[in-house]
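The data block below is final.cif; it holds mmCIF, C-alpha atoms and all ligand atoms.
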```
data_model
#
loop_
_atom_site.label_atom_id
_atom_site.label_comp_id
_atom_site.auth_asym_id
_atom_site.auth_seq_id
_atom_site.Cartn_x
_atom_site.Cartn_y
_atom_site.Cartn_z
CA MET A 181 -19.47 62.88 -18.84
CA SER A 182 -22.78 61.72 -20.26
CA ARG A 183 -25.12 59.70 -18.10
CA ARG A 184 -24.92 56.79 -20.54
CA LEU A 185 -21.11 56.74 -20.41
CA THR A 186 -21.20 56.80 -16.61
CA ILE A 187 -23.63 53.88 -16.55
CA LEU A 188 -21.28 51.93 -18.81
CA LEU A 189 -18.11 52.87 -16.97
CA VAL A 190 -19.16 52.08 -13.41
CA PRO A 191 -19.47 48.29 -13.88
CA VAL A 192 -16.22 48.24 -15.85
CA LEU A 193 -14.37 50.04 -13.06
CA LEU A 194 -15.89 47.73 -10.45
CA LEU A 195 -14.69 44.72 -12.43
CA VAL A 196 -11.20 46.18 -12.67
CA ALA A 197 -11.18 46.74 -8.91
CA VAL A 198 -12.37 43.21 -8.17
CA PHE A 199 -9.58 41.70 -10.28
CA ALA A 200 -6.87 44.11 -9.18
CA LEU A 201 -7.33 43.76 -5.41
CA PRO A 202 -6.62 40.03 -4.97
CA ALA A 203 -3.50 40.41 -7.14
CA GLN A 204 -2.25 43.08 -4.75
CA GLY A 205 -3.09 41.00 -1.71
CA ALA A 206 -1.14 38.04 -3.10
CA LYS A 207 1.93 40.19 -3.73
CA GLN A 208 4.99 38.13 -2.94
CA LYS A 209 7.04 39.02 0.12
CA ALA A 210 10.80 38.77 -0.21
CA LYS A 211 13.60 38.36 2.33
CA THR A 212 17.27 38.80 1.57
CA VAL A 213 19.92 36.55 3.09
CA GLY A 214 23.56 37.59 2.90
CA VAL A 215 26.07 35.00 1.63
CA ILE A 216 29.25 36.22 3.24
CA ASP A 217 32.76 34.87 4.09
CA TYR A 218 31.87 32.70 6.18
CA ALA A 219 28.25 32.94 7.29
CA PHE A 220 24.69 33.32 6.15
CA THR A 221 23.07 36.41 7.62
CA PRO A 222 20.66 36.10 9.20
CA ARG A 223 21.56 32.61 10.32
CA ARG A 224 18.00 31.92 11.41
CA LEU A 225 14.86 33.25 9.75
CA THR A 226 11.13 32.78 10.25
CA VAL A 227 8.85 33.66 7.32
CA ARG A 228 5.28 33.24 6.08
CA PRO A 229 4.46 30.63 3.41
CA GLY A 230 5.05 32.01 -0.07
CA THR A 231 8.00 34.16 0.92
CA LYS A 232 10.68 34.55 -1.71
CA ILE A 233 14.16 34.11 -0.24
CA VAL A 234 16.89 35.93 -2.11
CA TRP A 235 20.46 34.91 -1.28
CA LYS A 236 22.88 37.69 -2.13
CA TRP A 237 26.62 37.06 -2.41
CA ASP A 238 28.57 39.86 -0.75
CA SER A 239 30.69 41.93 -3.13
CA ALA A 240 33.65 41.78 -0.73
CA ASN A 241 33.79 37.96 -0.62
CA SER A 242 37.11 36.25 -1.34
CA ALA A 243 35.94 32.61 -1.18
CA PRO A 244 33.46 30.69 -3.32
CA HIS A 245 30.11 29.80 -1.77
CA ASP A 246 26.89 28.06 -2.67
CA VAL A 247 23.52 27.44 -1.02
CA LYS A 248 22.37 23.85 -0.70
CA LEU A 249 19.05 22.75 0.77
CA THR A 250 19.90 19.70 2.88
CA SER A 251 16.67 19.18 4.81
CA ALA A 252 13.14 20.34 4.08
CA PRO A 253 9.48 19.51 4.71
CA LYS A 254 8.18 16.41 2.91
CA GLY A 255 7.56 16.94 -0.80
CA VAL A 256 9.87 19.92 -1.21
CA LYS A 257 12.38 19.46 -4.01
CA LYS A 258 15.99 19.97 -2.88
CA PHE A 259 18.10 22.56 -4.65
CA THR A 260 21.69 23.77 -4.87
CA SER A 261 22.58 27.22 -6.12
CA PRO A 262 25.44 27.89 -8.52
CA THR A 263 28.85 28.43 -6.90
CA ALA A 264 30.17 31.96 -6.91
CA THR A 265 32.49 34.21 -4.97
CA ALA A 266 30.62 37.49 -5.30
CA GLY A 267 28.09 39.41 -7.31
CA ILE A 268 25.24 36.97 -7.84
CA THR A 269 21.85 36.32 -6.32
CA PHE A 270 19.83 33.11 -6.13
CA ALA A 271 16.16 32.95 -5.21
CA ARG A 272 13.62 30.35 -4.21
CA THR A 273 10.06 30.78 -2.97
CA LEU A 274 9.25 28.68 0.09
CA THR A 275 5.60 27.68 0.09
CA ARG A 276 5.43 24.66 2.37
CA ARG A 277 5.33 25.07 6.15
CA GLY A 278 8.18 23.52 8.10
CA THR A 279 11.89 23.72 8.74
CA TYR A 280 14.43 24.21 5.96
CA ARG A 281 18.13 23.59 6.65
CA LEU A 282 20.74 24.97 4.30
CA VAL A 283 24.51 24.90 4.09
CA CYS A 284 27.32 26.16 1.93
CA THR A 285 28.90 22.94 0.69
CA TYR A 286 32.40 24.50 0.83
CA HIS A 287 32.16 25.63 4.46
CA GLU A 288 29.60 23.25 5.85
CA ASN A 289 30.81 23.52 9.44
CA VAL A 290 30.33 27.26 9.76
CA MET A 291 27.95 28.32 6.98
CA ARG A 292 24.61 26.93 8.07
CA GLU A 293 21.16 28.38 8.01
CA VAL A 294 17.72 27.49 9.29
CA ILE A 295 14.56 28.93 7.76
CA VAL A 296 11.23 28.20 9.41
CA VAL A 297 8.09 28.69 7.33
CA LYS A 298 4.93 29.07 9.40
CU CU B 301 30.92 29.05 1.80
#
```
Would you put the structure from the file into structure tokens?
Amino acid sequence: MSRRLTILLVPVLLLVAVFALPAQGAKQKAKTVGVIDYAFTPRRLTVRPGTKIVWKWDSANSAPHDVKLTSAPKGVKKFTSPTATAGITFARTLTRRGTYRLVCTYHENVMREVIVVK
């Protein structure tokens, strides 16, 4: 490699490194929650802000389920997933610190979940 090329390449590589590193550091963490006849697993979860929660309907399910956010920190928009028996996923990224309470609207008494973001 010529000296001139090296002199040109070094700043370029440094720039690439500077832009690539923060992107890696901000890489989104994900947690999977099982949507199963008749429970969310885990039932209680503590995560860091910015964690992506992926609800995964169990392939062996025989009843329809959904995921509804019933209580959340101030300013968080409530959501309800589609209803399905098996074979889908639904994801939301939780950015705000606080306690999130979720239920399956079809089995509200048993299918409950608490996610704490801190
Ligand atoms: Cu259910």
ask   = Residues at most 8 Å from ligand CU 301 (chain B), using only C-alpha atoms and all ligand atoms? Could they come as a list in words?
value = Val215, Ile216, Asp217, Tyr218, Ala219, Ala243, Pro244, His245, Asp246, Val283, Cys284, Thr285, Tyr286, His287, Glu288 and Met291 of chain A
message = Could you list, as a PyMOL selection string, every residue within 8 Å of range 258-266 of chain A, counting all atoms listed in the file and ignoring same-chain residues fewer than 5 positions away?
response = chain A and resi 237-252
Using C-alpha atoms, can you write the selected residues to a file as a PDB file, in the frame of the given file?
```pdb
ATOM      1  CA  TRP A 237      26.620  37.060  -2.410  1.00  0.00           C
ATOM      2  CA  ASP A 238      28.570  39.860  -0.750  1.00  0.00           C
ATOM      3  CA  SER A 239      30.690  41.930  -3.130  1.00  0.00           C
ATOM      4  CA  ALA A 240      33.650  41.780  -0.730  1.00  0.00           C
ATOM      5  CA  ASN A 241      33.790  37.960  -0.620  1.00  0.00           C
ATOM      6  CA  SER A 242      37.110  36.250  -1.340  1.00  0.00           C
ATOM      7  CA  ALA A 243      35.940  32.610  -1.180  1.00  0.00           C
ATOM      8  CA  PRO A 244      33.460  30.690  -3.320  1.00  0.00           C
ATOM      9  CA  HIS A 245      30.110  29.800  -1.770  1.00  0.00           C
ATOM     10  CA  ASP A 246      26.890  28.060  -2.670  1.00  0.00           C
ATOM     11  CA  VAL A 247      23.520  27.440  -1.020  1.00  0.00           C
ATOM     12  CA  LYS A 248      22.370  23.850  -0.700  1.00  0.00           C
ATOM     13  CA  LEU A 249      19.050  22.750   0.770  1.00  0.00           C
ATOM     14  CA  THR A 250      19.900  19.700   2.880  1.00  0.00           C
ATOM     15  CA  SER A 251      16.670  19.180   4.810  1.00  0.00           C
ATOM     16  CA  ALA A 252      13.140  20.340   4.080  1.00  0.00           C
TER      17      ALA A 252
END
```
ask   = Could you name the residues that touch Gly278 in chain A at 10 Å or less, counting all atoms listed in the file, but leaving out those on the same chain fewer than 4 positions away, as a count of residues only?
value = 10
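Using all atoms listed in the file, the smallest distance between any of A:Glu293, A:Gly267, A:Gly214, A:Ile233 and Thr279 in chain A comes from A:Glu293.
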note = CA of Val256 in chain A sits from CA of Arg276 in chain A at a separation of 7.4 Å
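We find CA of Arg228 in chain A and CA of Arg292 in chain A to be spaced 20.4 Å apart.
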key: Nearest to Lys236 in chain A by atom-to-atom distance, counting only C-alpha atoms, from A:Ala210, A:Thr221, A:Tyr280, A:Thr269   = A:Thr269
request  = Using CA of Asn289 in chain A and CA of Val227 in chain A as the two end points, give the distance in Å to one decimal.
outcome  = 24.3 Å
query = Of the residues A:Gly230, A:Gly255, A:Phe270, A:Arg277, which is the one nearest to Gln208 in chain A, using only C-alpha atoms?
reply =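 For Gln208 in chain A, the nearest of the given residues is A:Gly230.
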request  = Measuring atom to atom with all atoms listed in the file, identify which of A:Thr212, A:Thr275, A:Val294, A:Lys257 is nearest to Thr231 in chain A.
outcome  =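 Checking each candidate against Thr231 in chain A, we get A:Thr275 as the closest.
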